[in-house]
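K.L.:
my_file23.pdb is reproduced below (PDB, C-alpha atoms).
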ATOM      1  CA  MET A   1       8.160   7.639 -41.057
ATOM      2  CA  ASN A   2       7.629   6.247 -37.577
ATOM      3  CA  LYS A   3       4.137   6.194 -36.142
ATOM      4  CA  TYR A   4       3.749   6.031 -32.358
ATOM      5  CA  VAL A   5       0.320   4.984 -31.119
ATOM      6  CA  VAL A   6      -0.111   5.812 -27.440
ATOM      7  CA  TYR A   7      -2.973   4.020 -25.711
ATOM      8  CA  LEU A   8      -2.551   4.821 -22.041
ATOM      9  CA  GLU A   9      -5.941   5.353 -20.424
ATOM     10  CA  TRP A  10      -6.393   4.532 -16.744
ATOM     11  CA  PRO A  11      -8.653   5.712 -13.908
ATOM     12  CA  GLU A  12      -5.724   7.149 -11.907
ATOM     13  CA  GLN A  13      -4.489  10.348 -13.503
ATOM     14  CA  CYS A  14      -0.803   9.560 -12.936
ATOM     15  CA  PHE A  15      -1.164   6.421 -15.102
ATOM     16  CA  ARG A  16      -2.944   8.258 -17.923
ATOM     17  CA  VAL A  17      -1.092  10.040 -20.734
ATOM     18  CA  ASP A  18      -1.785  13.761 -21.033
ATOM     19  CA  ALA A  19      -0.762  16.633 -23.300
ATOM     20  CA  ALA A  20       2.406  17.376 -21.331
ATOM     21  CA  ALA A  21       3.599  13.763 -21.522
ATOM     22  CA  LEU A  22       2.864  13.639 -25.260
ATOM     23  CA  ALA A  23       4.812  16.852 -25.768
ATOM     24  CA  HIS A  24       7.722  15.265 -23.912
ATOM     25  CA  LEU A  25       7.497  12.174 -26.116
ATOM     26  CA  ARG A  26       7.736  14.452 -29.145
ATOM     27  CA  THR A  27      11.200  15.551 -27.977
ATOM     28  CA  LEU A  28      12.391  11.927 -27.800
ATOM     29  CA  VAL A  29      11.364  10.572 -31.199
ATOM     30  CA  PRO A  30      12.872  11.241 -34.642
ATOM     31  CA  ALA A  31      11.810  14.361 -36.509
ATOM     32  CA  LYS A  32       8.727  14.053 -38.703
ATOM     33  CA  SER A  33       7.451  11.095 -36.668
ATOM     34  CA  ARG A  34       3.721  10.898 -36.102
ATOM     35  CA  ILE A  35       2.291  10.504 -32.572
ATOM     36  CA  VAL A  36      -1.318   9.411 -32.181
ATOM     37  CA  ARG A  37      -3.164   9.220 -28.870
ATOM     38  CA  VAL A  38      -6.138   6.846 -28.743
ATOM     39  CA  ARG A  39      -8.632   6.260 -25.957
ATOM     40  CA  THR A  40     -10.496   3.063 -26.884
ATOM     41  CA  ASP A  41      -9.798  -0.391 -28.288
ATOM     42  CA  GLU A  42     -11.655   0.585 -31.443
ATOM     43  CA  GLU A  43      -9.470   3.638 -32.015
ATOM     44  CA  PHE A  44      -6.340   1.612 -31.283
ATOM     45  CA  LEU A  45      -7.227  -1.141 -33.757
ATOM     46  CA  LYS A  46      -7.880   1.468 -36.443
ATOM     47  CA  GLU A  47      -4.362   2.873 -36.036
ATOM     48  CA  LEU A  48      -2.528  -0.404 -35.364
ATOM     49  CA  PRO A  49      -1.971  -1.588 -38.985
ATOM     50  CA  THR A  50       0.238   1.430 -39.728
ATOM     51  CA  ALA A  51       1.874   1.762 -36.298
ATOM     52  CA  THR A  52       5.604   1.196 -35.883
ATOM     53  CA  HIS A  53       5.536   1.687 -32.100
ATOM     54  CA  ALA A  54       2.688   1.035 -29.661
ATOM     55  CA  ILE A  55       2.781   2.112 -26.014
ATOM     56  CA  VAL A  56      -0.160   0.559 -24.221
ATOM     57  CA  TRP A  57      -1.583  -0.736 -20.968
ATOM     58  CA  HIS A  58      -3.004  -3.868 -22.590
ATOM     59  CA  PHE A  59      -2.725  -5.761 -25.864
ATOM     60  CA  LYS A  60      -4.581  -8.885 -26.982
ATOM     61  CA  ALA A  61      -2.743 -11.729 -28.726
ATOM     62  CA  GLU A  62      -5.107 -11.680 -31.700
ATOM     63  CA  TRP A  63      -4.169  -8.071 -32.422
ATOM     64  CA  PHE A  64      -0.737  -9.129 -33.670
ATOM     65  CA  ALA A  65      -2.337 -10.172 -36.965
ATOM     66  CA  ALA A  66      -3.064  -6.517 -37.709
ATOM     67  CA  ALA A  67       0.316  -5.222 -36.515
ATOM     68  CA  LYS A  68       2.142  -5.516 -39.835
ATOM     69  CA  ARG A  69       4.632  -2.682 -39.237
ATOM     70  CA  LEU A  70       4.976  -2.905 -35.467
ATOM     71  CA  ARG A  71       8.565  -2.858 -34.167
ATOM     72  CA  LEU A  72       7.917  -2.084 -30.516
ATOM     73  CA  LEU A  73       5.127  -3.039 -28.124
ATOM     74  CA  ALA A  74       5.743  -1.369 -24.778
ATOM     75  CA  THR A  75       3.845  -1.024 -21.518
ATOM     76  CA  PRO A  76       4.657   1.120 -18.482
ATOM     77  CA  SER A  77       3.675  -1.790 -16.252
ATOM     78  CA  ALA A  78       6.292  -4.011 -14.652
ATOM     79  CA  GLY A  79       3.656  -6.763 -14.460
ATOM     80  CA  ARG A  80       3.409  -9.218 -17.339
ATOM     81  CA  GLU A  81      -0.306  -9.951 -17.103
ATOM     82  CA  LEU A  82      -1.575  -7.151 -19.370
ATOM     83  CA  LEU A  83       0.323  -8.247 -22.487
ATOM     84  CA  PRO A  84       0.458 -11.610 -24.302
ATOM     85  CA  SER A  85       2.939 -14.103 -22.891
ATOM     86  CA  THR A  86       4.338 -14.721 -26.390
ATOM     87  CA  LEU A  87       5.137 -12.337 -29.206
ATOM     88  CA  SER A  88       2.868 -14.006 -31.711
ATOM     89  CA  PRO A  89       1.748 -17.492 -32.741
ATOM     90  CA  GLN A  90       4.841 -17.709 -34.984
ATOM     91  CA  PRO A  91       7.579 -15.346 -33.753
ATOM     92  CA  SER A  92      10.105 -14.260 -36.361
ATOM     93  CA  ALA A  93      12.806 -11.687 -36.949
ATOM     94  CA  LEU A  94      10.004  -9.286 -37.869
ATOM     95  CA  SER A  95       8.197  -9.736 -34.551
ATOM     96  CA  PRO A  96       8.099  -6.605 -32.394
ATOM     97  CA  VAL A  97      10.193  -6.145 -29.295
ATOM     98  CA  ILE A  98       8.040  -6.377 -26.160
ATOM     99  CA  HIS A  99       9.159  -4.100 -23.337
ATOM    100  CA  PHE A 100       7.938  -3.957 -19.741
ATOM    101  CA  GLY A 101       8.601  -0.990 -17.473
ATOM    102  CA  GLY A 102      11.386  -0.950 -14.929
ATOM    103  CA  PHE A 103      11.612   2.779 -14.322
ATOM    104  CA  HIS A 104       9.366   2.850 -11.237
ATOM    105  CA  GLY A 105      11.933   1.203  -8.972
ATOM    106  CA  PRO A 106      12.851   4.457  -7.164
ATOM    107  CA  ALA A 107       9.208   5.314  -6.425
ATOM    108  CA  ILE A 108       8.362   1.817  -5.200
ATOM    109  CA  ALA A 109      11.567   1.780  -3.149
ATOM    110  CA  GLU A 110      10.426   4.951  -1.388
ATOM    111  CA  SER A 111       7.066   3.330  -0.658
ATOM    112  CA  VAL A 112       8.762   0.283   0.860
ATOM    113  CA  LEU A 113      11.025   2.537   2.879
ATOM    114  CA  GLY A 114       7.993   4.490   4.080
ATOM    115  CA  TYR A 115       6.266   1.278   5.165
ATOM    116  CA  MET A 116       9.333   0.120   7.060
ATOM    117  CA  LEU A 117       9.974   3.406   8.832
ATOM    118  CA  SER A 118       6.312   3.694   9.758
ATOM    119  CA  TRP A 119       6.448   0.226  11.258
ATOM    120  CA  CYS A 120       9.731   0.750  13.106
ATOM    121  CA  ARG A 121       8.625   4.043  14.603
ATOM    122  CA  GLY A 122       5.207   2.776  15.684
ATOM    123  CA  ILE A 123       3.132   4.781  13.201
ATOM    124  CA  LEU A 124       1.500   1.654  11.747
ATOM    125  CA  ARG A 125       1.157  -0.063  15.117
ATOM    126  CA  ARG A 126      -0.834   2.300  17.296
ATOM    127  CA  PRO A 127      -2.201  -0.031  19.992
ATOM    128  CA  GLY A 128      -5.373   1.963  20.431
ATOM    129  CA  LYS A 129      -7.029   5.298  19.791
ATOM    130  CA  LYS A 130      -5.507   7.057  22.740
ATOM    131  CA  ILE A 131      -3.875  10.416  22.138
ATOM    132  CA  TRP A 132      -1.085   9.801  24.671
ATOM    133  CA  GLU A 133       0.421   6.327  24.468
ATOM    134  CA  ARG A 134       4.098   6.467  25.361
ATOM    135  CA  VAL A 135       3.938   3.391  27.537
ATOM    136  CA  GLU A 136       2.148   1.291  24.931
ATOM    137  CA  LEU A 137       4.699   2.177  22.212
ATOM    138  CA  GLY A 138       7.786   2.232  24.383
ATOM    139  CA  ASP A 139       8.771  -1.384  23.787
ATOM    140  CA  LYS A 140       7.606  -1.540  20.177
ATOM    141  CA  CYS A 141       9.764   1.071  18.415
ATOM    142  CA  TYR A 142      13.214   0.326  17.039
ATOM    143  CA  THR A 143      15.617   1.627  14.390
ATOM    144  CA  LEU A 144      15.616   0.484  10.799
ATOM    145  CA  ALA A 145      19.408   0.458  10.644
ATOM    146  CA  GLY A 146      20.808  -2.924  11.606
ATOM    147  CA  THR A 147      17.820  -4.938  10.438
ATOM    148  CA  LYS A 148      17.919  -7.593   7.696
ATOM    149  CA  ALA A 149      15.730  -7.639   4.578
ATOM    150  CA  THR A 150      15.246 -10.481   2.133
ATOM    151  CA  ILE A 151      13.993  -9.167  -1.201
ATOM    152  CA  LEU A 152      12.187 -11.896  -3.116
ATOM    153  CA  GLY A 153      12.322 -10.864  -6.765
ATOM    154  CA  TYR A 154      15.620  -9.098  -7.371
ATOM    155  CA  GLY A 155      15.087  -7.505 -10.764
ATOM    156  CA  LYS A 156      15.160  -3.796 -11.589
ATOM    157  CA  ILE A 157      12.635  -2.866  -8.921
ATOM    158  CA  GLY A 158      14.014  -5.246  -6.314
ATOM    159  CA  ARG A 159      17.517  -3.864  -6.786
ATOM    160  CA  ALA A 160      16.245  -0.292  -6.495
ATOM    161  CA  ILE A 161      14.658  -1.230  -3.169
ATOM    162  CA  GLY A 162      17.855  -2.930  -2.062
ATOM    163  CA  GLU A 163      19.996   0.104  -2.886
ATOM    164  CA  LYS A 164      17.722   2.418  -0.904
ATOM    165  CA  LEU A 165      17.661   0.124   2.120
ATOM    166  CA  SER A 166      21.406  -0.474   2.065
ATOM    167  CA  CYS A 167      22.006   3.267   2.276
ATOM    168  CA  LEU A 168      20.094   3.293   5.572
ATOM    169  CA  GLY A 169      22.003   0.452   7.142
ATOM    170  CA  VAL A 170      19.737  -2.464   6.284
ATOM    171  CA  ALA A 171      21.506  -5.714   5.392
ATOM    172  CA  VAL A 172      19.957  -6.830   2.084
ATOM    173  CA  LYS A 173      19.746 -10.320   0.618
ATOM    174  CA  GLY A 174      18.389 -10.398  -2.923
ATOM    175  CA  ILE A 175      16.718 -13.592  -4.151
ATOM    176  CA  SER A 176      16.229 -14.325  -7.843
ATOM    177  CA  ARG A 177      16.041 -17.450  -9.966
ATOM    178  CA  LYS A 178      19.830 -17.733  -9.860
ATOM    179  CA  ASN A 179      20.018 -18.163  -6.102
ATOM    180  CA  PHE A 180      16.496 -19.269  -5.253
ATOM    181  CA  SER A 181      17.862 -22.194  -3.238
ATOM    182  CA  GLU A 182      19.107 -19.652  -0.664
ATOM    183  CA  LEU A 183      15.610 -18.355   0.140
ATOM    184  CA  GLY A 184      14.889 -20.743   2.995
ATOM    185  CA  ALA A 185      18.077 -19.921   4.884
ATOM    186  CA  ALA A 186      17.644 -16.179   4.301
ATOM    187  CA  ALA A 187      14.064 -16.281   5.565
ATOM    188  CA  LYS A 188      15.151 -17.639   8.948
ATOM    189  CA  SER A 189      17.092 -14.476   9.793
ATOM    190  CA  SER A 190      14.885 -11.867   8.096
ATOM    191  CA  ASP A 191      13.371  -8.865   9.818
ATOM    192  CA  TRP A 192      11.626  -8.088   6.528
ATOM    193  CA  LEU A 193      10.481 -10.281   3.658
ATOM    194  CA  VAL A 194       9.855  -7.943   0.722
ATOM    195  CA  CYS A 195       8.067  -9.534  -2.233
ATOM    196  CA  VAL A 196       8.559  -7.951  -5.656
ATOM    197  CA  LEU A 197       7.407 -10.857  -7.814
ATOM    198  CA  PRO A 198       5.546 -10.773 -11.150
ATOM    199  CA  SER A 199       2.481 -12.932 -11.674
ATOM    200  CA  ASP A 200       3.429 -14.951 -14.737
ATOM    201  CA  THR A 201       6.489 -16.983 -13.803
ATOM    202  CA  GLY A 202       5.208 -19.746 -11.542
ATOM    203  CA  THR A 203       4.946 -17.452  -8.529
ATOM    204  CA  ASP A 204       1.484 -18.514  -7.309
ATOM    205  CA  ASN A 205       1.546 -18.928  -3.505
ATOM    206  CA  LEU A 206       5.337 -18.925  -3.469
ATOM    207  CA  VAL A 207       5.123 -17.358  -0.020
ATOM    208  CA  ASP A 208       3.232 -20.301   1.436
ATOM    209  CA  ALA A 209       2.764 -21.789   4.892
ATOM    210  CA  ARG A 210       6.110 -23.550   4.700
ATOM    211  CA  LEU A 211       8.071 -20.393   3.890
ATOM    212  CA  ILE A 212       6.109 -18.276   6.377
ATOM    213  CA  GLY A 213       6.857 -20.921   8.982
ATOM    214  CA  LYS A 214      10.583 -20.243   8.557
ATOM    215  CA  LEU A 215      10.247 -16.523   9.284
ATOM    216  CA  PRO A 216      11.206 -15.386  12.804
ATOM    217  CA  PRO A 217       8.524 -13.853  15.047
ATOM    218  CA  ARG A 218       9.963 -10.345  14.480
ATOM    219  CA  CYS A 219       9.564 -10.527  10.677
ATOM    220  CA  VAL A 220       7.232  -8.256   8.714
ATOM    221  CA  VAL A 221       6.050  -9.348   5.243
ATOM    222  CA  ILE A 222       5.765  -6.587   2.623
ATOM    223  CA  ASN A 223       4.332  -7.182  -0.844
ATOM    224  CA  VAL A 224       4.707  -4.629  -3.658
ATOM    225  CA  GLY A 225       4.770  -7.160  -6.505
ATOM    226  CA  ARG A 226       1.614  -9.096  -7.320
ATOM    227  CA  GLY A 227      -0.936 -10.547  -4.927
ATOM    228  CA  ASN A 228      -0.804 -14.073  -6.337
ATOM    229  CA  ALA A 229       2.592 -14.643  -4.702
ATOM    230  CA  ILE A 230       1.247 -14.920  -1.152
ATOM    231  CA  ASP A 231      -0.941 -17.659   0.267
ATOM    232  CA  GLU A 232      -3.379 -15.320   2.000
ATOM    233  CA  SER A 233      -4.864 -17.994   4.244
ATOM    234  CA  ALA A 234      -1.407 -18.969   5.491
ATOM    235  CA  LEU A 235      -0.501 -15.328   6.079
ATOM    236  CA  LYS A 236      -3.725 -14.701   7.977
ATOM    237  CA  ALA A 237      -3.083 -17.705  10.214
ATOM    238  CA  ALA A 238       0.469 -16.578  10.970
ATOM    239  CA  LEU A 239      -0.702 -13.081  11.898
ATOM    240  CA  CYS A 240      -3.605 -14.243  14.020
ATOM    241  CA  GLU A 241      -1.400 -16.712  15.885
ATOM    242  CA  GLY A 242       1.390 -14.163  16.376
ATOM    243  CA  ARG A 243       3.976 -16.236  14.524
ATOM    244  CA  ILE A 244       5.155 -13.191  12.544
ATOM    245  CA  ALA A 245       5.104  -9.551  13.596
ATOM    246  CA  GLY A 246       3.035  -8.066  10.801
ATOM    247  CA  ALA A 247       2.303  -7.617   7.097
ATOM    248  CA  ILE A 248       2.015  -4.603   4.811
ATOM    249  CA  LEU A 249       0.394  -5.428   1.479
ATOM    250  CA  ASP A 250       0.174  -3.012  -1.413
ATOM    251  CA  VAL A 251      -1.356  -5.796  -3.520
ATOM    252  CA  VAL A 252      -3.766  -8.674  -2.867
ATOM    253  CA  LYS A 253      -4.944 -11.639  -4.906
ATOM    254  CA  ARG A 254      -8.240 -10.102  -6.015
ATOM    255  CA  GLU A 255      -8.349  -6.411  -6.875
ATOM    256  CA  PRO A 256     -10.562  -4.738  -6.027
ATOM    257  CA  PRO A 257     -11.253  -7.069  -3.090
ATOM    258  CA  LYS A 258     -14.726  -8.365  -2.386
ATOM    259  CA  LYS A 259     -16.582  -9.017   0.830
ATOM    260  CA  GLY A 260     -15.418 -12.290   2.304
ATOM    261  CA  ASP A 261     -11.890 -12.189   0.904
ATOM    262  CA  THR A 262      -9.448 -13.815   3.315
ATOM    263  CA  LEU A 263      -7.619 -10.704   4.491
ATOM    264  CA  PHE A 264     -10.573  -8.354   4.831
ATOM    265  CA  SER A 265     -12.294  -9.517   7.993
ATOM    266  CA  GLY A 266     -11.121  -6.429   9.847
ATOM    267  CA  SER A 267      -9.900  -8.525  12.760
ATOM    268  CA  ILE A 268      -6.417  -9.550  11.608
ATOM    269  CA  PRO A 269      -3.775  -8.045  13.921
ATOM    270  CA  ASN A 270      -0.870  -6.008  12.585
ATOM    271  CA  LEU A 271      -2.056  -6.108   8.974
ATOM    272  CA  THR A 272      -1.957  -2.989   6.793
ATOM    273  CA  ILE A 273      -3.441  -3.102   3.295
ATOM    274  CA  MET A 274      -2.745  -0.355   0.781
ATOM    275  CA  SER A 275      -4.575   0.129  -2.520
ATOM    276  CA  HIS A 276      -1.963  -0.924  -5.101
ATOM    277  CA  SER A 277      -0.490   2.561  -4.921
ATOM    278  CA  ALA A 278       3.240   2.008  -4.331
ATOM    279  CA  ALA A 279       4.144   3.401  -7.760
ATOM    280  CA  PHE A 280       1.918   6.482  -7.786
ATOM    281  CA  TYR A 281       3.756   9.682  -8.758
ATOM    282  CA  PRO A 282       3.082  12.461 -11.294
ATOM    283  CA  ASP A 283       5.935  11.750 -13.751
ATOM    284  CA  TYR A 284       5.046   8.076 -14.193
ATOM    285  CA  VAL A 285       4.214   8.241 -17.932
ATOM    286  CA  LYS A 286       6.986  10.717 -18.715
ATOM    287  CA  ASP A 287       9.533   8.431 -17.035
ATOM    288  CA  CYS A 288       8.211   5.511 -19.076
ATOM    289  CA  PHE A 289       8.974   7.449 -22.261
ATOM    290  CA  ASP A 290      12.427   8.375 -20.939
ATOM    291  CA  GLU A 291      13.219   4.729 -20.234
ATOM    292  CA  LEU A 292      12.234   3.716 -23.761
ATOM    293  CA  SER A 293      14.447   6.473 -25.122
ATOM    294  CA  ARG A 294      17.461   5.493 -22.966
ATOM    295  CA  GLU A 295      17.199   1.919 -24.171
ATOM    296  CA  GLY A 296      17.089   2.980 -27.812
ATOM    297  CA  LEU A 297      13.566   1.696 -28.399
ATOM    298  CA  LEU A 298      12.005   4.859 -29.811
ATOM    299  CA  LYS A 299      14.117   4.957 -32.976
TER
END
Transcribe the structure of this file into C-alpha cells.

P.N.:
Amino acid sequence: MNKYVVYLEWPEQCFRVDAAALAHLRTLVPAKSRIVRVRTDEEFLKELPTATHAIVWHFKAEWFAAAKRLRLLATPSAGRELLPSTLSPQPSALSPVIHFGGFHGPAIAESVLGYMLSWCRGILRRPGKKIWERVELGDKCYTLAGTKATILGYGKIGRAIGEKLSCLGVAVKGISRKNFSELGAAAKSSDWLVCVLPSDTGTDNLVDARLIGKLPPRCVVINVGRGNAIDESALKAALCEGRIAGAILDVVKREPPKKGDTLFSGSIPNLTIMSHSAAFYPDYVKDCFDELSREGLLK
C-alpha cells in the first residue's frame, strides 16, 4: 500500500495544502492508498520511515537515512534550494526520484506579461502624483508588440513565458546552457531581459555589470527566478545613471529584505519591487498534484 505524506505548510494560503487539495489528491492515487497530512518536522519524521511518497516544501539531507521506503520526494517549488542537492550520500537504484515543480509557468508568464504591459502603457512609470498627466506620459508609452525579449533560463517556466509573449507579437530569444554563448549578442538588442534562473547552478551574479553594460538604454530587466542571479549594486548603478530604462524584480537577494539592502533606498528611479508573488494563485497545490499525476509519479 502506498503512503503519501504531505507536508506543505506555508504562511501564504495558496502555498498551503488544505482539505480540498487533499481530496483532489485522493482522486489521483491508487485505491486503498493512505494520505497523511503533517504540519511540523516532528510529525513528518514520525511518518517518514513508512512513507512511499513525500510531497514537501523542504527536506534535510540527513532525513534520507529514515526514508527506507521512499520512492518519490517532490516539492511544488521550481527552486532547488529547499531540497538536498544530491539524493543521498550513496545514491542507488533504490534512491527516490526527486521532482521539482514546473506547473506554475502559466501563472508566472501572466505576471511577466502584466509587468510588461504595465510598463509599456505607463502604469508603472507615473512621473508624479498628478491626476492629469497626459503630457508627461505622452512620449513614454509604446506597444508591447514588436519588442524583443531575451529570456535567461529557458526551462519549463521560461518557455511558458516565451509562448505567452510570442502570441502578443514579442520576438523571443531563449537562453539556456545549450546556447549560453549567444547571451551577449542577444542582450545588445533586447527591450526586455527576463531572468528565470534557479539559485543552485552557478547563477550567482550572472547578470553582472558586464552583461548590464551590453543592454540598450531602452531595456527593462525583469526577474522572476531567484534574486542571487542579479548583481544588485550593478543594477542600481545602471538605473541611477540612466543606462537602462528600468527594472521589475519579483525576487531579491535577501528575502525579506532588511534596512540598508542595496535596492531599498527608495531613491532608485524606475525600479519596481514585488514581494516574490509572481506564482500566487488559488490552485497552486492542486496543480502540483496534477503535474505529479501526469508524469506518472503518484503510482

K.L.:
Would you write out, as a ChimeraX atom specification, every residue that the PyMOL selection byres ((chain A and resi 70-72) around 6) captures in this file?

P.N.:
/A:51-53,67-69,73,96-97

K.L.:
In Å to one decimal, how far is atom CA of A:Ala66 from atom CA of A:Pro84?

P.N.:
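That distance, rounded to one decimal, is 14.8 Å.
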
K.L.:
Starting from the shown file, work through the PyMOL selection byres ((chain A and resi 194) around 9) and note down what comes out as a list of chain:residue names.

P.N.:
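Applying the expression gives A:Val112, A:Ala149, A:Thr150, A:Ile151, A:Leu152, A:Gly153, A:Gly158, A:Trp192, A:Leu193, A:Cys195, A:Val196, A:Val220, A:Val221, A:Ile222, A:Asn223, A:Val224, A:Gly225.
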
K.L.:
Could you give me, as a ChimeraX atom specification, the residues within 10 Å of A:Ser275, counting all atoms listed in the file and dropping anything in the same chain fewer than 4 positions from it?

P.N.:
/A:249-252,255-257

K.L.:
Using only C-alpha atoms, please write the residues we just selected to a file, as a tab-separated table (two decimals), in the frame of the given file.

P.N.:
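What follows is the written file again-v4.tsv:
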chain	number	residue	atom	x	y	z
A	249	LEU	CA	0.39	-5.43	1.48
A	250	ASP	CA	0.17	-3.01	-1.41
A	251	VAL	CA	-1.36	-5.80	-3.52
A	252	VAL	CA	-3.77	-8.67	-2.87
A	255	GLU	CA	-8.35	-6.41	-6.88
A	256	PRO	CA	-10.56	-4.74	-6.03
A	257	PRO	CA	-11.25	-7.07	-3.09

K.L.:
Find the residue from A:Phe59, A:Tyr284, A:Tyr7, A:Phe64 that sits nearest to A:Arg39; use all atoms listed in the file when measuring.

P.N.:
A:Tyr7

K.L.:
Select, from A:Leu144, A:Val38, A:Cys167, A:Asp231, the residue with the minimum atom-to-atom distance to A:Tyr115, counting all atoms listed in the file.

P.N.:
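The closest residue to A:Tyr115 is A:Leu144.
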
K.L.:
For a quick check of understanding, using all atoms listed in the file, which of A:Trp119, A:Phe103, A:Tyr154, A:Phe180 has the smallest distance to A:Asp290?

P.N.:
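Closest candidate: A:Phe103.
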